[in-house]
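First the structure, in the form of structure tokens, and then the observations on it.
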Amino acid sequence: RVARDLAERGHRVTGVDASPTLIDAARKADPQGDYRMADAADLPFPDASFDLVIAYNSLMDVDDLPGAVREAGRVLAPGGRLVLAVLHPANTGRTLGEGEDLAFVVDREYFHSCRTEERAERYGKTMVFTGYSHPLSHYTAAFEKAGLLIETVREPIATRPDGSAHHLPWHLWMRVVKPA
């Protein structure tokens, strides 16, 4: 979806995913698009070949966070930017209950990366979400090791259907730059 949105705004886009199912879905939704199967920690592109890399809700799902950031930095041209959105590292827990009984329970150690798996049922279908929970320092260490500098950090305020704000940030947005 992000690739199609960017293409509609005039960007030349190359989409990458490790899932053949998602690559197939992207190609069906956008037959003219350039979508390739690849591991984020081993990108099939030359050095300095992109001025922008976007990791939209994906870095918390890769098996090799430092490798994925290193590769993003490698394929960025000097002055290029990596823009990312991840589940906020403060979300080291899970939601229980529904409606007025909905509660957020912290049930994991914050300072260690850990593999997560959560089952959810919606509209009669069961979905399994897997990924990692990383502390903020693991992201920033990966940027530092890749020679990338943080420009912007945002914690958008998530709202409930009634318009009230959640007490914890759900997402973290960052923009980092490869120095020229």
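The chains in the structure tokens are called A, B, ... from first to last as shown; in each chain the residues are counted from 1, and the ligands are counted from 1 in the order shown.
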Using DSSP secondary structure from the backbone, list all helix (DSSP H, G or I) positions within stretch 12-127 of chain A, as a short mmCIF file (atom, residue, chain, number, x, y, z; two decimals) with N, CA, C and O atoms, in the first residue's frame.
data_model
loop_
_atom_site.label_atom_id
_atom_site.label_comp_id
_atom_site.auth_asym_id
_atom_site.auth_seq_id
_atom_site.Cartn_x
_atom_site.Cartn_y
_atom_site.Cartn_z
N PRO A 20 6.74 -14.47 -0.28
CA PRO A 20 6.24 -14.60 -1.65
C PRO A 20 4.75 -14.29 -1.73
O PRO A 20 4.28 -13.74 -2.73
N THR A 21 4.00 -14.58 -0.69
CA THR A 21 2.56 -14.29 -0.68
C THR A 21 2.32 -12.78 -0.75
O THR A 21 1.46 -12.32 -1.51
N LEU A 22 3.08 -12.00 0.03
CA LEU A 22 2.90 -10.55 0.01
C LEU A 22 3.42 -9.93 -1.29
O LEU A 22 2.83 -8.98 -1.80
N ILE A 23 4.49 -10.46 -1.84
CA ILE A 23 4.98 -9.97 -3.13
C ILE A 23 3.93 -10.23 -4.21
O ILE A 23 3.63 -9.36 -5.03
N ASP A 24 3.34 -11.42 -4.19
CA ASP A 24 2.29 -11.75 -5.16
C ASP A 24 1.09 -10.81 -5.00
O ASP A 24 0.56 -10.31 -6.00
N ALA A 25 0.69 -10.54 -3.78
CA ALA A 25 -0.44 -9.63 -3.54
C ALA A 25 -0.11 -8.22 -4.03
O ALA A 25 -0.97 -7.54 -4.63
N ALA A 26 1.12 -7.76 -3.80
CA ALA A 26 1.53 -6.43 -4.27
C ALA A 26 1.50 -6.36 -5.79
O ALA A 26 1.03 -5.38 -6.37
N ARG A 27 1.98 -7.40 -6.43
CA ARG A 27 1.99 -7.42 -7.90
C ARG A 27 0.58 -7.45 -8.47
O ARG A 27 0.31 -6.83 -9.50
N LYS A 28 -0.32 -8.15 -7.80
CA LYS A 28 -1.72 -8.19 -8.26
C LYS A 28 -2.38 -6.82 -8.08
O LYS A 28 -3.16 -6.38 -8.92
N ALA A 29 -2.08 -6.14 -6.98
CA ALA A 29 -2.66 -4.82 -6.71
C ALA A 29 -2.05 -3.75 -7.60
O ALA A 29 -2.69 -2.73 -7.87
N LEU A 65 17.69 -7.29 12.83
CA LEU A 65 17.51 -5.84 12.86
C LEU A 65 18.79 -5.10 12.49
O LEU A 65 18.77 -4.25 11.58
N PRO A 66 19.94 -5.38 13.13
CA PRO A 66 21.16 -4.65 12.74
C PRO A 66 21.53 -4.86 11.27
O PRO A 66 21.96 -3.92 10.60
N GLY A 67 21.33 -6.07 10.77
CA GLY A 67 21.64 -6.35 9.36
C GLY A 67 20.73 -5.59 8.42
O GLY A 67 21.18 -5.08 7.39
N ALA A 68 19.45 -5.50 8.75
CA ALA A 68 18.50 -4.77 7.91
C ALA A 68 18.84 -3.28 7.89
O ALA A 68 18.81 -2.64 6.84
N VAL A 69 19.19 -2.71 9.03
CA VAL A 69 19.56 -1.30 9.09
C VAL A 69 20.87 -1.07 8.35
O VAL A 69 21.02 -0.09 7.61
N ARG A 70 21.83 -1.97 8.52
CA ARG A 70 23.11 -1.87 7.80
C ARG A 70 22.86 -1.85 6.28
O ARG A 70 23.42 -1.03 5.55
N GLU A 71 22.00 -2.75 5.80
CA GLU A 71 21.71 -2.82 4.37
C GLU A 71 20.97 -1.57 3.89
O GLU A 71 21.24 -1.08 2.80
N ALA A 72 20.05 -1.06 4.69
CA ALA A 72 19.37 0.18 4.32
C ALA A 72 20.40 1.30 4.17
O ALA A 72 20.36 2.07 3.21
N GLY A 73 21.33 1.37 5.11
CA GLY A 73 22.38 2.38 5.03
C GLY A 73 23.28 2.19 3.82
O GLY A 73 23.70 3.15 3.18
N ARG A 74 23.58 0.94 3.49
CA ARG A 74 24.44 0.64 2.34
C ARG A 74 23.81 1.09 1.03
O ARG A 74 24.48 1.67 0.18
N VAL A 75 22.51 0.84 0.86
CA VAL A 75 21.87 1.17 -0.42
C VAL A 75 21.47 2.65 -0.51
O VAL A 75 21.09 3.12 -1.58
N GLY A 99 -13.68 -3.60 24.86
CA GLY A 99 -14.53 -2.48 25.28
C GLY A 99 -14.02 -1.81 26.54
O GLY A 99 -12.83 -1.52 26.68
N GLU A 100 -14.92 -1.59 27.49
CA GLU A 100 -14.56 -0.93 28.75
C GLU A 100 -13.60 -1.76 29.59
O GLU A 100 -12.91 -1.25 30.46
N ASP A 101 -13.57 -3.09 29.34
CA ASP A 101 -12.69 -3.97 30.10
C ASP A 101 -11.31 -4.15 29.46
O ASP A 101 -10.50 -4.95 29.93
#
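Distances to A:Ala90 were evaluated for A:Glu151, A:Glu8, A:Asp64, A:Glu109 using only C-alpha atoms, and the minimum falls at A:Glu109.
Nearest to A:Arg119 of all the residues A:Ser49, A:Thr95, A:Ser164, A:Thr152 is A:Thr95, counting only C-alpha atoms.
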Excluding A:Val128 and any residue of its chain fewer than 3 positions from it, enumerate the residues within 7 Å of it, using only C-alpha atoms, and give them as a list in words.
Glu117, Glu118, Arg119 and Ala120 of chain A
Based on the selection just made, write N, CA and C atoms of those residues as a PDB file, in the first residue's frame.
ATOM      1  N   GLU A 117       4.564 -13.499  19.654  1.00  0.00           N
ATOM      2  CA  GLU A 117       3.517 -14.143  18.861  1.00  0.00           C
ATOM      3  C   GLU A 117       2.191 -13.859  19.538  1.00  0.00           C
ATOM      4  N   GLU A 118       1.253 -13.354  18.761  1.00  0.00           N
ATOM      5  CA  GLU A 118      -0.063 -13.052  19.305  1.00  0.00           C
ATOM      6  C   GLU A 118      -1.129 -13.522  18.330  1.00  0.00           C
ATOM      7  N   ARG A 119      -2.124 -14.214  18.868  1.00  0.00           N
ATOM      8  CA  ARG A 119      -3.256 -14.668  18.054  1.00  0.00           C
ATOM      9  C   ARG A 119      -4.408 -13.690  18.239  1.00  0.00           C
ATOM     10  N   ALA A 120      -5.091 -13.430  17.138  1.00  0.00           N
ATOM     11  CA  ALA A 120      -6.252 -12.546  17.200  1.00  0.00           C
ATOM     12  C   ALA A 120      -7.343 -13.131  16.316  1.00  0.00           C
TER      13      ALA A 120
END
Select, from A:Asn57, A:Leu96, A:Ser19, A:Asp42, the residue with the minimum atom-to-atom distance to A:Arg1, counting only C-alpha atoms.
A:Asn57
Env of A:Ser133: 8 Å cut, atoms = only C-alpha atoms, seq-sep filter 4 positions within chain, self excluded. Answer as a tab-separated table (two decimals) with C-alpha atoms, in the first residue's frame.
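The result, written out as selection_14.tsv:
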chain	number	residue	atom	x	y	z
A	60	MET	CA	10.16	-5.09	14.24
A	89	PRO	CA	9.17	-0.18	22.03
A	91	ASN	CA	4.56	-1.72	23.97
A	92	THR	CA	6.20	-4.59	25.81
A	110	TYR	CA	11.81	-4.11	28.03
A	112	HIS	CA	15.97	-7.37	25.80
A	113	SER	CA	14.77	-8.20	22.32
A	114	CYS	CA	12.33	-11.06	22.32
A	115	ARG	CA	10.28	-12.91	19.73
A	116	THR	CA	6.56	-12.27	20.04
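Using only C-alpha atoms, the protein and nucleic acid residues lying no more than 8 Å from A:Arg154, apart from those fewer than 4 places from it along its own chain, are Leu172, Trp173 and Met174 of chain A.
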Take the residues from that selection and put them in a file with all heavy atoms, as a compact mmCIF listing (two decimals), in the first residue's frame.
# COMPACT_ATOMS: atom_id res chain seq x y z
N LEU A 172 6.12 4.36 16.80
CA LEU A 172 7.29 5.22 16.84
C LEU A 172 7.68 5.49 15.39
O LEU A 172 7.82 4.55 14.61
CB LEU A 172 8.43 4.53 17.57
CG LEU A 172 9.76 5.27 17.65
CD1 LEU A 172 9.62 6.53 18.51
CD2 LEU A 172 10.85 4.36 18.21
N TRP A 173 7.81 6.76 15.06
CA TRP A 173 8.24 7.15 13.71
C TRP A 173 9.60 7.80 13.84
O TRP A 173 9.83 8.64 14.71
CB TRP A 173 7.28 8.16 13.09
CG TRP A 173 5.87 7.67 12.90
CD1 TRP A 173 5.42 6.38 12.92
CD2 TRP A 173 4.72 8.49 12.67
NE1 TRP A 173 4.07 6.34 12.71
CE2 TRP A 173 3.61 7.63 12.55
CE3 TRP A 173 4.53 9.85 12.54
CZ2 TRP A 173 2.33 8.10 12.31
CZ3 TRP A 173 3.25 10.32 12.31
CH2 TRP A 173 2.17 9.46 12.19
N MET A 174 10.52 7.43 12.95
CA MET A 174 11.86 8.02 12.97
C MET A 174 12.32 8.28 11.54
O MET A 174 11.94 7.55 10.62
CB MET A 174 12.85 7.08 13.66
CG MET A 174 12.50 6.78 15.10
SD MET A 174 13.65 5.63 15.88
CE MET A 174 14.91 6.77 16.36
Just the residues within 12 Å of A:Thr140, please, counting only C-alpha atoms, with nothing from its chain fewer than 2 positions along; format it as a PyMOL selection string.
chain A and resi 65-66+69-70+89+134-138+142-151+153+174-176
Write a file of the selected residues as an mmCIF file, in the first residue's frame, keeping N, CA and C atoms.
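Contents of selection_28.cif, freshly written:
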data_model
loop_
_atom_site.group_PDB
_atom_site.id
_atom_site.type_symbol
_atom_site.label_atom_id
_atom_site.label_comp_id
_atom_site.auth_asym_id
_atom_site.auth_seq_id
_atom_site.Cartn_x
_atom_site.Cartn_y
_atom_site.Cartn_z
ATOM 1 N N LEU A 65 17.689 -7.295 12.827
ATOM 2 C CA LEU A 65 17.506 -5.841 12.858
ATOM 3 C C LEU A 65 18.791 -5.096 12.488
ATOM 4 N N PRO A 66 19.938 -5.380 13.130
ATOM 5 C CA PRO A 66 21.160 -4.652 12.745
ATOM 6 C C PRO A 66 21.529 -4.857 11.275
ATOM 7 N N VAL A 69 19.192 -2.712 9.033
ATOM 8 C CA VAL A 69 19.560 -1.297 9.088
ATOM 9 C C VAL A 69 20.874 -1.069 8.351
ATOM 10 N N ARG A 70 21.833 -1.974 8.517
ATOM 11 C CA ARG A 70 23.105 -1.868 7.796
ATOM 12 C C ARG A 70 22.862 -1.851 6.283
ATOM 13 N N PRO A 89 8.500 0.723 21.091
ATOM 14 C CA PRO A 89 9.173 -0.181 22.027
ATOM 15 C C PRO A 89 8.548 -0.209 23.423
ATOM 16 N N HIS A 134 11.763 -4.903 20.468
ATOM 17 C CA HIS A 134 13.121 -4.378 20.643
ATOM 18 C C HIS A 134 13.056 -3.102 21.472
ATOM 19 N N PRO A 135 13.984 -2.904 22.388
ATOM 20 C CA PRO A 135 14.046 -1.614 23.068
ATOM 21 C C PRO A 135 14.555 -0.542 22.104
ATOM 22 N N LEU A 136 14.249 0.687 22.409
ATOM 23 C CA LEU A 136 14.686 1.806 21.570
ATOM 24 C C LEU A 136 16.197 1.789 21.357
ATOM 25 N N SER A 137 16.944 1.408 22.386
ATOM 26 C CA SER A 137 18.409 1.405 22.273
ATOM 27 C C SER A 137 18.916 0.421 21.221
ATOM 28 N N HIS A 138 18.166 -0.636 20.898
ATOM 29 C CA HIS A 138 18.603 -1.560 19.845
ATOM 30 C C HIS A 138 18.463 -0.913 18.467
ATOM 31 N N ALA A 142 21.746 0.209 16.120
ATOM 32 C CA ALA A 142 21.842 -0.222 14.718
ATOM 33 C C ALA A 142 22.085 0.972 13.802
ATOM 34 N N PHE A 143 21.408 2.097 14.064
ATOM 35 C CA PHE A 143 21.644 3.303 13.259
ATOM 36 C C PHE A 143 23.086 3.763 13.407
ATOM 37 N N GLU A 144 23.558 3.803 14.642
ATOM 38 C CA GLU A 144 24.921 4.268 14.914
ATOM 39 C C GLU A 144 25.945 3.389 14.203
ATOM 40 N N LYS A 145 25.771 2.076 14.314
ATOM 41 C CA LYS A 145 26.724 1.147 13.696
ATOM 42 C C LYS A 145 26.709 1.267 12.169
ATOM 43 N N ALA A 146 25.545 1.617 11.603
ATOM 44 C CA ALA A 146 25.433 1.775 10.146
ATOM 45 C C ALA A 146 25.858 3.165 9.680
ATOM 46 N N GLY A 147 26.249 4.033 10.616
ATOM 47 C CA GLY A 147 26.688 5.376 10.253
ATOM 48 C C GLY A 147 25.549 6.329 9.938
ATOM 49 N N LEU A 148 24.357 6.039 10.450
ATOM 50 C CA LEU A 148 23.180 6.866 10.202
ATOM 51 C C LEU A 148 22.915 7.771 11.402
ATOM 52 N N LEU A 149 22.424 8.969 11.125
ATOM 53 C CA LEU A 149 22.157 9.946 12.177
ATOM 54 C C LEU A 149 20.661 10.203 12.295
ATOM 55 N N ILE A 150 20.169 10.236 13.524
ATOM 56 C CA ILE A 150 18.741 10.473 13.753
ATOM 57 C C ILE A 150 18.433 11.952 13.523
ATOM 58 N N GLU A 151 17.430 12.214 12.672
ATOM 59 C CA GLU A 151 16.952 13.574 12.426
ATOM 60 C C GLU A 151 15.683 13.879 13.205
ATOM 61 N N VAL A 153 12.283 12.124 15.631
ATOM 62 C CA VAL A 153 11.593 11.048 16.346
ATOM 63 C C VAL A 153 10.188 11.552 16.670
ATOM 64 N N MET A 174 10.515 7.428 12.950
ATOM 65 C CA MET A 174 11.859 8.017 12.972
ATOM 66 C C MET A 174 12.317 8.283 11.542
ATOM 67 N N ARG A 175 13.134 9.321 11.426
ATOM 68 C CA ARG A 175 13.794 9.619 10.152
ATOM 69 C C ARG A 175 15.274 9.749 10.470
ATOM 70 N N VAL A 176 16.084 8.963 9.750
ATOM 71 C CA VAL A 176 17.532 9.010 9.925
ATOM 72 C C VAL A 176 18.178 9.322 8.584
#
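Summary of the local environment: counting only C-alpha atoms, residues at most 7 Å from A:Asp61, other than itself and those fewer than 3 positions away along its chain, are Ser58, Gly131 and Tyr132 of chain A.
The coordinates place atom CA of A:Arg160 at 12.3 Å from atom CA of A:Glu98.
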Residues of stretch 94-133 of chain A in strand (DSSP E) according to DSSP, as JSON, numbers by chain?
{"A": [94, 95, 96, 103, 104, 105, 106, 114, 115, 116, 117, 118, 119, 120, 121, 122, 125, 126, 127, 128, 129, 130, 131, 132, 133]}
Could you write out that same residue set with N, CA, C and O atoms as an mmCIF file, in the first residue's frame?
data_model
loop_
_atom_site.group_PDB
_atom_site.id
_atom_site.type_symbol
_atom_site.label_atom_id
_atom_site.label_comp_id
_atom_site.auth_asym_id
_atom_site.auth_seq_id
_atom_site.Cartn_x
_atom_site.Cartn_y
_atom_site.Cartn_z
ATOM 1 N N ARG A 94 0.645 -6.716 26.110
ATOM 2 C CA ARG A 94 -0.445 -7.116 25.218
ATOM 3 C C ARG A 94 -1.755 -6.602 25.780
ATOM 4 O O ARG A 94 -1.849 -6.246 26.953
ATOM 5 N N THR A 95 -2.748 -6.562 24.921
ATOM 6 C CA THR A 95 -4.063 -6.127 25.364
ATOM 7 C C THR A 95 -4.884 -7.340 25.755
ATOM 8 O O THR A 95 -4.782 -8.402 25.146
ATOM 9 N N LEU A 96 -5.679 -7.146 26.783
ATOM 10 C CA LEU A 96 -6.594 -8.188 27.253
ATOM 11 C C LEU A 96 -7.984 -7.591 27.335
ATOM 12 O O LEU A 96 -8.152 -6.422 27.676
ATOM 13 N N ALA A 103 -7.594 -3.819 28.711
ATOM 14 C CA ALA A 103 -6.451 -3.446 29.554
ATOM 15 C C ALA A 103 -5.163 -3.782 28.810
ATOM 16 O O ALA A 103 -5.109 -4.726 28.021
ATOM 17 N N PHE A 104 -4.133 -2.994 29.060
ATOM 18 C CA PHE A 104 -2.807 -3.254 28.511
ATOM 19 C C PHE A 104 -1.949 -3.791 29.640
ATOM 20 O O PHE A 104 -1.815 -3.155 30.683
ATOM 21 N N VAL A 105 -1.397 -4.975 29.448
ATOM 22 C CA VAL A 105 -0.625 -5.645 30.483
ATOM 23 C C VAL A 105 0.827 -5.752 30.030
ATOM 24 O O VAL A 105 1.108 -6.299 28.962
ATOM 25 N N VAL A 106 1.740 -5.207 30.826
ATOM 26 C CA VAL A 106 3.163 -5.328 30.530
ATOM 27 C C VAL A 106 3.604 -6.702 31.019
ATOM 28 O O VAL A 106 3.535 -6.997 32.211
ATOM 29 N N CYS A 114 12.933 -9.730 22.200
ATOM 30 C CA CYS A 114 12.332 -11.062 22.320
ATOM 31 C C CYS A 114 11.351 -11.279 21.176
ATOM 32 O O CYS A 114 10.782 -10.338 20.642
ATOM 33 N N ARG A 115 11.227 -12.518 20.788
ATOM 34 C CA ARG A 115 10.282 -12.906 19.731
ATOM 35 C C ARG A 115 8.888 -12.876 20.328
ATOM 36 O O ARG A 115 8.672 -13.309 21.458
ATOM 37 N N THR A 116 7.944 -12.352 19.565
ATOM 38 C CA THR A 116 6.565 -12.269 20.041
ATOM 39 C C THR A 116 5.648 -13.035 19.105
ATOM 40 O O THR A 116 5.931 -13.188 17.914
ATOM 41 N N GLU A 117 4.564 -13.499 19.654
ATOM 42 C CA GLU A 117 3.517 -14.143 18.861
ATOM 43 C C GLU A 117 2.191 -13.859 19.538
ATOM 44 O O GLU A 117 2.044 -14.054 20.745
ATOM 45 N N GLU A 118 1.253 -13.354 18.761
ATOM 46 C CA GLU A 118 -0.063 -13.052 19.305
ATOM 47 C C GLU A 118 -1.129 -13.522 18.330
ATOM 48 O O GLU A 118 -1.039 -13.281 17.138
ATOM 49 N N ARG A 119 -2.124 -14.214 18.868
ATOM 50 C CA ARG A 119 -3.256 -14.668 18.054
ATOM 51 C C ARG A 119 -4.408 -13.690 18.239
ATOM 52 O O ARG A 119 -4.660 -13.218 19.338
ATOM 53 N N ALA A 120 -5.091 -13.430 17.138
ATOM 54 C CA ALA A 120 -6.252 -12.546 17.200
ATOM 55 C C ALA A 120 -7.343 -13.131 16.316
ATOM 56 O O ALA A 120 -7.059 -13.744 15.283
ATOM 57 N N GLU A 121 -8.568 -12.960 16.725
ATOM 58 C CA GLU A 121 -9.702 -13.392 15.918
ATOM 59 C C GLU A 121 -10.505 -12.170 15.528
ATOM 60 O O GLU A 121 -10.881 -11.365 16.373
ATOM 61 N N ARG A 122 -10.727 -12.014 14.229
ATOM 62 C CA ARG A 122 -11.514 -10.915 13.703
ATOM 63 C C ARG A 122 -12.343 -11.445 12.541
ATOM 64 O O ARG A 122 -11.822 -12.147 11.677
ATOM 65 N N LYS A 125 -12.040 -15.042 11.434
ATOM 66 C CA LYS A 125 -10.735 -15.559 11.003
ATOM 67 C C LYS A 125 -9.741 -15.422 12.139
ATOM 68 O O LYS A 125 -9.748 -14.443 12.879
ATOM 69 N N THR A 126 -8.873 -16.418 12.253
ATOM 70 C CA THR A 126 -7.804 -16.367 13.243
ATOM 71 C C THR A 126 -6.523 -15.930 12.542
ATOM 72 O O THR A 126 -6.175 -16.464 11.495
ATOM 73 N N MET A 127 -5.878 -14.944 13.127
ATOM 74 C CA MET A 127 -4.614 -14.440 12.577
ATOM 75 C C MET A 127 -3.535 -14.614 13.638
ATOM 76 O O MET A 127 -3.815 -14.503 14.831
ATOM 77 N N VAL A 128 -2.324 -14.883 13.199
ATOM 78 C CA VAL A 128 -1.187 -14.991 14.102
ATOM 79 C C VAL A 128 -0.181 -13.921 13.699
ATOM 80 O O VAL A 128 0.266 -13.880 12.553
ATOM 81 N N PHE A 129 0.140 -13.047 14.641
ATOM 82 C CA PHE A 129 1.107 -11.978 14.404
ATOM 83 C C PHE A 129 2.395 -12.354 15.127
ATOM 84 O O PHE A 129 2.390 -12.589 16.322
ATOM 85 N N THR A 130 3.481 -12.411 14.373
ATOM 86 C CA THR A 130 4.774 -12.708 14.973
ATOM 87 C C THR A 130 5.724 -11.564 14.668
ATOM 88 O O THR A 130 5.555 -10.844 13.678
ATOM 89 N N GLY A 131 6.695 -11.385 15.490
ATOM 90 C CA GLY A 131 7.679 -10.336 15.290
ATOM 91 C C GLY A 131 8.611 -10.299 16.474
ATOM 92 O O GLY A 131 8.818 -11.313 17.154
ATOM 93 N N TYR A 132 9.167 -9.123 16.724
ATOM 94 C CA TYR A 132 10.101 -8.946 17.829
ATOM 95 C C TYR A 132 9.714 -7.701 18.603
ATOM 96 O O TYR A 132 9.163 -6.751 18.051
ATOM 97 N N SER A 133 10.056 -7.714 19.849
ATOM 98 C CA SER A 133 9.958 -6.529 20.681
ATOM 99 C C SER A 133 11.397 -6.097 20.956
ATOM 100 O O SER A 133 12.166 -6.860 21.535
#
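Minimum atom-to-atom distance to A:Leu82, evaluated using only C-alpha atoms, belongs to A:Asp51 out of A:Asp51, A:Ile157, A:Gly10, A:Asp34.
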